[in-house]
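For reference, the structure discussed in these notes is given below.
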Amino acid sequence: MLRVRCLRGGSRGAEAAHYIGSRLQRVFTGWVQRTFQSTQAAAASQNTCAADDKATSPVPKDCLVCSYNEWDPLEEVIVGRAENACVPPFSVEVKANTYEKYWGFYQKFGGQSFPKDHLKKAVAEIEEMCNILKGEGVIVKRPDPIDWSVKYKTPDFESTGMYAAMPRDILLVVGNEIIEAPMAWRARFFEYRAYRRLIKDYFNSGAKWTTAPKPTMADELYDQNYPIHSVEDRHKLAAQGKFVTTEFEPCFDAADFIRAGRDIFVQRSQVNKGVFSTLLVSLLMTGILRHLAPDYRVHIISFKDPNPMHIDATFNIIGPGLVLSNPDRPCHQIELFKKAGWTVIQPPVPLIPDDHPLWMSSKWLSMNVLMLDEKRVMVDANETSIQKMFEKLGMS
């Protein structure tokens with residue numbers, strides 16, 4: 001799902017909040033006191049960053065796109081489609097993002113449809129999610145259905161597609177701007193086509209539309225000899241900061257970013273490399289960091305995660321200064337958040353059975369929830385433990 005529009009003024013703003021003072025991805029040297037912002041406050045603010053930052057123009061009142069965080073009252077959302085979903089070909093970047101027990105599945109079925117019975121269930125579940133959202137007063141938009149089995153070829157690679165099930169992966173909404181991510185998987189190169197009708201409609205209504213430079217996805221973008229054979233290898237490589245993507249060109253998935261007003265947090269993962277150069281000077285001068293500065297602070301955080309890919313099931317900000325932090329993937333900077341006054345909550349262990357075929361995901365999808373506002377949350381119906389956790393927090 002992708003939050004497109006939130007009620008301006010819906011959030012109560014915040015208690016005191018803070019942001020990471022260092023902008024150079026070195027040892028964090030301090031914290032600066034700030035205030036988390038609601039969508040209204042962020043949209044109207046003329047001086048929401050440091051005193052030397054330039055002012056930001058307010059978002060037009062009639063713009064259909066306006067969202068600065070993950071918890072303001074949700075007015076409009078894009079919900080993906082599972083129809084025609086295909087198994088991605090077993091390329092090196094797919095291998096690096098999946099566990100070895102599924103490699104045979106990708107080798108056998110790459111380019112073909114996912115199992116029909118699973119697709120049927122997925123389509124039905126997503127339709128019911130749409131019905132629930134509409135019942136809660138949320139406007140629901142959907143991408144166009146596309147045949148993802150069609151083969152395509154560029155001068156640098158060839159592949160088939162995957163799906164349009166995850167708009168959160170490819171699109172990042174920052175205020176009234178839609179940023180189209182240059183995704184890292186070859187099977188997702190043309191995924192943007194499913195959303196172009198919607199984006200053009202938002203653009204014509206006054207929203208900003210930014211498309212990051214498309215990577216060529218040539219062989220040089222990937223470490224063709226990325227040495228993963230076991231979970232132990234993954235832990236070792238992640239600890240060393242070694243990933244399957246190289247510095248050949250920028251690429252990132254939008255789902256590695258999470259927003260809290262003018263502060264945006266991002267993790268380094270298997271699907272975003274070129275945006276984070278190893279050179280400190282380049283860090284502030286490339287990719288998304290350069291694009292959003294100085295109006296937004298982009299903070300790079302890291303986790304003890306053997307297979308980092310998308311932040312929502314690892315570190316999910318669900319309210320002003322309120323974060324779900326995965327106990328299996330602890331954040332290396334978590335003490336700084338605690339010292340800054342954040343409430344850090346460890347969600348319970350997921351209840352999903354171990355034999356459930358997750359393919360590209362982990363059991364911790366249970367904490368990848370959708371906030372309708374600060375007091376309403378959409379949660380997996382089977383995950384009763386996390387439902388009880390939210391109830392204790394005063395949420396329905």
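Here's how to read the names in the structure tokens: chain A, B, ... by the order shown, residue numbers from 1 in each chain, ligand numbers from 1 in the order shown.
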
Open item on the list: Could you list, as a ChimeraX atom specification, every residue within 12 Å of A:Arg168, counting only C-alpha atoms and ignoring same-chain residues fewer than 5 positions away?
Closed with: /A:1-4,70,77-80,173,178-181,183,192,195,253-258,310-312,368,370

Query raised in the report: Skipping near chain neighbours, those fewer than 3 positions away, what residues fall within 12 Å of A:Asp233 using only C-alpha atoms, listed as number ranges by chain?
Result: A: 96, 99-100, 226-230, 236-240, 242-243, 305-307

Export of prior selection with all heavy atoms as a CSV table (one decimal), in the first residue's frame:
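Produced file result.csv, reproduced below:
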chain,number,residue,atom,x,y,z
A,96,ALA,N,20.4,-13.4,-3.8
A,96,ALA,CA,20.9,-12.7,-2.7
A,96,ALA,C,19.8,-12.3,-1.7
A,96,ALA,O,20.0,-12.1,-0.5
A,96,ALA,CB,21.7,-11.5,-3.1
A,99,TYR,N,16.1,-17.1,0.7
A,99,TYR,CA,16.8,-18.1,1.4
A,99,TYR,C,17.0,-19.4,0.5
A,99,TYR,O,16.2,-19.7,-0.4
A,99,TYR,CB,16.1,-18.5,2.7
A,99,TYR,CG,16.3,-17.4,3.7
A,99,TYR,CD1,15.4,-16.4,3.9
A,99,TYR,CD2,17.5,-17.5,4.5
A,99,TYR,CE1,15.7,-15.4,4.9
A,99,TYR,CE2,17.7,-16.5,5.5
A,99,TYR,CZ,16.8,-15.5,5.7
A,99,TYR,OH,17.1,-14.5,6.6
A,100,GLU,N,18.0,-20.1,0.8
A,100,GLU,CA,18.4,-21.2,0.0
A,100,GLU,C,17.4,-22.3,-0.2
A,100,GLU,O,17.3,-23.0,-1.2
A,100,GLU,CB,19.7,-21.9,0.5
A,100,GLU,CG,19.7,-22.3,1.9
A,100,GLU,CD,20.2,-21.2,2.9
A,100,GLU,OE1,20.1,-20.0,2.6
A,100,GLU,OE2,20.6,-21.6,4.0
A,226,TYR,N,28.7,-13.0,-5.6
A,226,TYR,CA,28.3,-12.7,-4.2
A,226,TYR,C,28.2,-14.1,-3.5
A,226,TYR,O,27.4,-14.9,-3.8
A,226,TYR,CB,27.0,-12.0,-4.2
A,226,TYR,CG,26.6,-11.5,-2.9
A,226,TYR,CD1,27.3,-10.5,-2.3
A,226,TYR,CD2,25.4,-12.0,-2.2
A,226,TYR,CE1,26.9,-9.9,-1.1
A,226,TYR,CE2,25.1,-11.4,-1.0
A,226,TYR,CZ,25.8,-10.4,-0.4
A,226,TYR,OH,25.5,-9.9,0.8
A,227,PRO,N,29.1,-14.2,-2.5
A,227,PRO,CA,29.3,-15.6,-1.9
A,227,PRO,C,28.3,-15.9,-0.7
A,227,PRO,O,28.7,-15.9,0.4
A,227,PRO,CB,30.7,-15.5,-1.3
A,227,PRO,CG,30.9,-14.0,-0.9
A,227,PRO,CD,30.0,-13.2,-1.9
A,228,ILE,N,27.1,-16.2,-1.1
A,228,ILE,CA,26.1,-16.7,-0.1
A,228,ILE,C,25.8,-18.1,-0.3
A,228,ILE,O,25.4,-18.5,-1.4
A,228,ILE,CB,24.9,-15.8,0.0
A,228,ILE,CG1,24.2,-15.7,-1.4
A,228,ILE,CG2,25.2,-14.4,0.5
A,228,ILE,CD1,22.9,-15.1,-1.4
A,229,HIS,N,25.9,-18.9,0.8
A,229,HIS,CA,25.5,-20.3,0.7
A,229,HIS,C,24.8,-20.7,1.9
A,229,HIS,O,24.2,-21.8,2.0
A,229,HIS,CB,26.8,-21.2,0.6
A,229,HIS,CG,27.7,-20.8,-0.6
A,229,HIS,ND1,27.3,-21.1,-1.9
A,229,HIS,CD2,28.8,-20.1,-0.6
A,229,HIS,CE1,28.3,-20.7,-2.7
A,229,HIS,NE2,29.2,-20.1,-2.0
A,230,SER,N,24.7,-19.9,3.0
A,230,SER,CA,24.1,-20.2,4.2
A,230,SER,C,23.7,-19.0,5.0
A,230,SER,O,24.1,-17.8,4.6
A,230,SER,CB,25.0,-21.1,5.1
A,230,SER,OG,26.1,-20.3,5.5
A,236,LYS,N,27.6,-12.8,8.1
A,236,LYS,CA,29.0,-12.3,8.0
A,236,LYS,C,29.1,-11.2,6.9
A,236,LYS,O,29.7,-10.1,7.2
A,236,LYS,CB,29.9,-13.5,7.6
A,236,LYS,CG,31.4,-13.1,7.5
A,236,LYS,CD,32.2,-14.3,7.0
A,236,LYS,CE,32.0,-15.5,8.0
A,236,LYS,NZ,32.9,-16.6,7.5
A,237,LEU,N,28.4,-11.3,5.8
A,237,LEU,CA,28.5,-10.3,4.7
A,237,LEU,C,27.8,-9.1,5.1
A,237,LEU,O,28.3,-8.0,4.9
A,237,LEU,CB,27.9,-10.9,3.4
A,237,LEU,CG,28.7,-12.0,2.8
A,237,LEU,CD1,27.8,-12.8,1.8
A,237,LEU,CD2,29.9,-11.5,2.1
A,238,ALA,N,26.6,-9.2,5.8
A,238,ALA,CA,25.9,-8.0,6.2
A,238,ALA,C,26.7,-7.2,7.2
A,238,ALA,O,26.8,-6.0,7.2
A,238,ALA,CB,24.5,-8.4,6.8
A,239,ALA,N,27.4,-7.9,8.1
A,239,ALA,CA,28.2,-7.3,9.2
A,239,ALA,C,29.4,-6.5,8.5
A,239,ALA,O,29.8,-5.5,9.1
A,239,ALA,CB,28.7,-8.3,10.2
A,240,GLN,N,29.9,-7.1,7.4
A,240,GLN,CA,31.0,-6.4,6.7
A,240,GLN,C,30.5,-5.3,5.8
A,240,GLN,O,31.4,-4.7,5.1
A,240,GLN,CB,31.8,-7.5,5.9
A,240,GLN,CG,32.4,-8.5,6.8
A,240,GLN,CD,33.0,-9.7,6.0
A,240,GLN,OE1,32.8,-9.8,4.8
A,240,GLN,NE2,33.8,-10.5,6.6
A,242,LYS,N,28.8,-5.8,3.0
A,242,LYS,CA,28.9,-6.3,1.6
A,242,LYS,C,27.5,-6.7,1.1
A,242,LYS,O,26.9,-7.5,1.8
A,242,LYS,CB,29.9,-7.5,1.6
A,242,LYS,CG,31.3,-7.1,1.9
A,242,LYS,CD,32.3,-8.3,1.8
A,242,LYS,CE,33.7,-7.9,2.1
A,242,LYS,NZ,34.6,-9.0,2.0
A,243,PHE,N,27.2,-6.2,0.0
A,243,PHE,CA,25.8,-6.4,-0.6
A,243,PHE,C,26.0,-6.8,-2.0
A,243,PHE,O,27.0,-6.6,-2.6
A,243,PHE,CB,24.9,-5.2,-0.4
A,243,PHE,CG,24.8,-4.8,1.0
A,243,PHE,CD1,25.6,-3.9,1.6
A,243,PHE,CD2,23.7,-5.3,1.8
A,243,PHE,CE1,25.5,-3.5,3.0
A,243,PHE,CE2,23.6,-4.9,3.1
A,243,PHE,CZ,24.4,-4.0,3.7
A,305,ASP,N,20.9,-7.6,10.7
A,305,ASP,CA,19.9,-8.3,9.8
A,305,ASP,C,20.7,-9.1,8.8
A,305,ASP,O,21.5,-8.5,8.0
A,305,ASP,CB,19.0,-7.3,9.2
A,305,ASP,CG,17.9,-7.9,8.3
A,305,ASP,OD1,17.9,-9.2,8.2
A,305,ASP,OD2,17.0,-7.2,7.9
A,306,PRO,N,20.6,-10.4,8.7
A,306,PRO,CA,21.4,-11.2,7.7
A,306,PRO,C,20.9,-10.9,6.3
A,306,PRO,O,21.6,-11.2,5.3
A,306,PRO,CB,21.1,-12.6,8.1
A,306,PRO,CG,19.8,-12.6,8.8
A,306,PRO,CD,19.7,-11.3,9.5
A,307,ASN,N,19.7,-10.4,6.1
A,307,ASN,CA,19.2,-10.2,4.7
A,307,ASN,C,18.3,-9.0,4.6
A,307,ASN,O,17.1,-9.0,4.4
A,307,ASN,CB,18.4,-11.4,4.3
A,307,ASN,CG,18.1,-11.4,2.8
A,307,ASN,OD1,18.9,-11.2,2.0
A,307,ASN,ND2,16.8,-11.7,2.5

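In the backbone-derived DSSP annotation, strand (DSSP E) within stretch 159-279 of chain A comprises Ser159, Leu171, Leu172, Val173, Val174, Glu177, Ile178, Ile179, Glu180, Lys208, Trp209, Thr210, Thr211, Phe257, Ile258, Arg259, Ala260, Asp263, Ile264, Phe265, Val266 and Gln267 of chain A.
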
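For the residues A:Asn225, A:Ser159, A:Thr343, A:Ser366, ranking by smallest atom-to-atom distance to A:Pro320 using only C-alpha atoms places A:Thr343 first.
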
>> Neighbouring residues of A:Ala85 were defined as those with any atom within 9 Å, considering only C-alpha atoms; residues of the same chain fewer than 4 positions away were excluded. Please report them as a count of residues only.
In response: 14

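Among A:Val344, A:Ala187, A:Met217, A:Val349, the residue with the shortest atom-to-atom distance to A:Asn316, counting only C-alpha atoms, is A:Val344.
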
I want to know what sits within 7 Å of A:Glu374, based on only C-alpha atoms, with residues of the same chain fewer than 3 positions away left out; could you give that as a ChimeraX atom specification? /A:71-72,319,371

Judged by only C-alpha atoms, the minimum distance to A:Pro215 among A:Phe190, A:Phe390, A:Tyr152, A:Tyr202 is found for A:Phe190

What separates atom CA of A:Arg376 and atom CA of A:Gly137 is a distance of 12.4 Å

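Using only C-alpha atoms, the nearest neighbour of A:Leu64 within the list A:Gly175, A:Pro347, A:Pro155, A:Gly206 is A:Gly206.
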
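Computed from the coordinates, the atom CA of A:Gly104 to atom CA of A:Arg268 distance equals 27.4 Å.
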